[in-house]
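Novice: Structure provided below as structure tokens; questions to follow.
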Amino acid sequence: MISQLIFILCFVSAIILFAKNARQIYKNIKIGRALNRNDKPAERLKTMLLVAFGQKKMFKRVVPAILHLFVYIGFCIINIEMIEIVIDGIFGTHRFLSFLGSFYNLLIASFEWLAFGVLFGCIIFFIRRNVIHLKRLNSPELKNWPKTDANLILITEILLMMAFLLMNAADQKLQLYGESHYITAGSFPISQYIISFLPSDPSSLMVIERICWWFHILGVFAFLNYLPYSKHLHILLAFPNTYFSNLRPKGELTNMENVTNEVKAMLDPSFTPPTTDEPVRFGAKDVQDLTWKNLLDAYTCTECGRCTASCPANITGKLLSPRKIMMDTRDRIDEVGKNIKANGNFVDDGKSLLDTYITREELWACTSCNACVEQCPVNINPLEIIVELRRYSVMEESKAPASINAMLGNVENNGAPWKYSQMDRANWTSQQ
């Protein structure tokens, strides 16, 4: 009974704490401006199924895609076993679902193979990060906490899968000994090879089985509540993020509504722009000026670095890293969220996303080629954030590199980016 009470207390505490953290993240995302992404539900559902569930874009790099698929499928399916663990923990039963007979045996066998796949995949990922030192996984923005975060999750997954297999091995040996509480149930294609390394004393086996059982369940509870502080939040947010993807062509920029209304009023004197009490802001200076989808992108970022590895600016040695743009945005969201939580409303802290977190050198290094958008496995769009920060710099501060100012002046005076007037633009055709 004491064991059941401890389990119930841990279970309820984990759910409440996760709900609290999830609610805070939701509030942080809602800091962003409104954006309607509820159109074309069929196409959005198809995108989510292909990109998030099917991991379509992952297979641009086959080897890591296959390893990630092992981890992904294993994580999703092995957690079905959590249903039985929760029931056993609350009611003090053991292998409650064993009444399913041969189907239960198939389930346990599948879980073991998947656990082995997760174990293998995580070990390879750990080696890629810490032994091979893959370049895109050891960039400057991944130093300190981001690197620790990734390794912590990989080590946790390895330990959880080892505990799962060791628990099954001890359970199977106790079944062979005919211990009353350990009913004969399940099929153990992987853990059967561990049995010979376990002690023969039933009491020792029970201790091993119980330690592994508690380690596994408490590890899952801890992992659940670690997600809101980790890049692995993408496990949950990849699905809504891909559903609310931008379905327009990648090269199409959004028009600012207030500018569009001004143009309409110039062309049609009878047009009356809608009035609003909100102050007009051209582009974005801080996270409050971005849309909620931009903020959801930031929380969904997996820090895999595919965007940065494909960025031509980064490849040629410029300061820009699309991954850093998303990480900086997420850090600023958390900071603003804590500010609002502490004060009721946002109190100016003298910081902003532009300049404090993201430098102008980074912004103007971007070629707007959309390579980062194309490569992201969960349809994150760093370019939208870059463009909005640029818009603020140009339209509100009139700050832009000399080459940009020259181009804008030529567009205004000559109707084209070049310095030649429209009358002289075709002169080159008469030159020999």
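Residues are referred to by chain and number: the chain letter is A, B, ... according to the order shown in the structure tokens, the number counts from 1 in that chain, and ligands are numbered separately from 1 in the order shown.
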With only C-alpha atoms as the counted atoms, please give the residues lying no more than 8 Å from segment 296-313 of chain A, apart from itself and same-chain residues fewer than 3 positions off, as number ranges by chain.
Specialist: A: 29, 136-137, 231-234, 237-238, 241, 292-293, 316-323, 326-327, 329-330, 365-367, 371-373, 375-376, 378, 380-381
Novice: Neighbours of Ser204 of chain A within 12 Å (only C-alpha atoms; same-chain residues fewer than 4 positions away dropped), as a short mmCIF file (atom, residue, chain, number, x, y, z; two decimals) with N, CA, C and O atoms, in the first residue's frame?
Specialist:
data_model
loop_
_atom_site.label_atom_id
_atom_site.label_comp_id
_atom_site.auth_asym_id
_atom_site.auth_seq_id
_atom_site.Cartn_x
_atom_site.Cartn_y
_atom_site.Cartn_z
N ALA A 170 15.11 -9.68 -15.40
CA ALA A 170 14.88 -10.14 -14.03
C ALA A 170 13.49 -10.72 -13.87
O ALA A 170 13.29 -11.75 -13.20
N ASP A 171 12.50 -10.09 -14.52
CA ASP A 171 11.12 -10.58 -14.47
C ASP A 171 11.02 -11.98 -15.08
O ASP A 171 10.37 -12.88 -14.53
N LYS A 173 13.36 -14.23 -15.38
CA LYS A 173 14.02 -15.24 -14.55
C LYS A 173 13.16 -15.59 -13.35
O LYS A 173 13.10 -16.77 -12.94
N LEU A 174 12.48 -14.61 -12.79
CA LEU A 174 11.55 -14.88 -11.68
C LEU A 174 10.36 -15.70 -12.15
O LEU A 174 9.84 -16.54 -11.41
N LEU A 198 22.55 -12.37 -14.49
CA LEU A 198 21.85 -11.98 -13.26
C LEU A 198 22.06 -13.01 -12.16
O LEU A 198 22.31 -14.19 -12.44
N PRO A 199 21.94 -12.59 -10.91
CA PRO A 199 22.11 -13.55 -9.79
C PRO A 199 20.98 -14.58 -9.79
O PRO A 199 19.91 -14.37 -10.37
N SER A 200 21.21 -15.70 -9.11
CA SER A 200 20.20 -16.77 -9.06
C SER A 200 19.27 -16.63 -7.86
O SER A 200 18.22 -17.28 -7.81
N ILE A 208 16.36 -6.20 -8.05
CA ILE A 208 16.78 -5.67 -9.35
C ILE A 208 15.56 -5.26 -10.19
O ILE A 208 15.52 -4.17 -10.77
N GLU A 209 14.56 -6.15 -10.20
CA GLU A 209 13.35 -5.87 -11.00
C GLU A 209 12.63 -4.63 -10.50
O GLU A 209 12.21 -3.77 -11.28
N ARG A 210 12.51 -4.49 -9.17
CA ARG A 210 11.80 -3.33 -8.59
C ARG A 210 12.59 -2.04 -8.80
O ARG A 210 12.02 -0.99 -9.11
N ILE A 211 13.92 -2.09 -8.63
CA ILE A 211 14.75 -0.90 -8.83
C ILE A 211 14.62 -0.41 -10.28
O ILE A 211 14.44 0.78 -10.54
#
Novice: Would you mind telling me which residue in A:Ile183, A:Ala163, A:Ile77, A:Ala150 lies nearest to Arg95 of chain A when using only C-alpha atoms?
Specialist: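 Counting only C-alpha atoms, the residue closest to Arg95 of chain A is A:Ile183.
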Novice: What gap, in Å, lies between atom CA of Val71 of chain A and atom CA of Cys212 of chain A?
Specialist: 20.4 Å
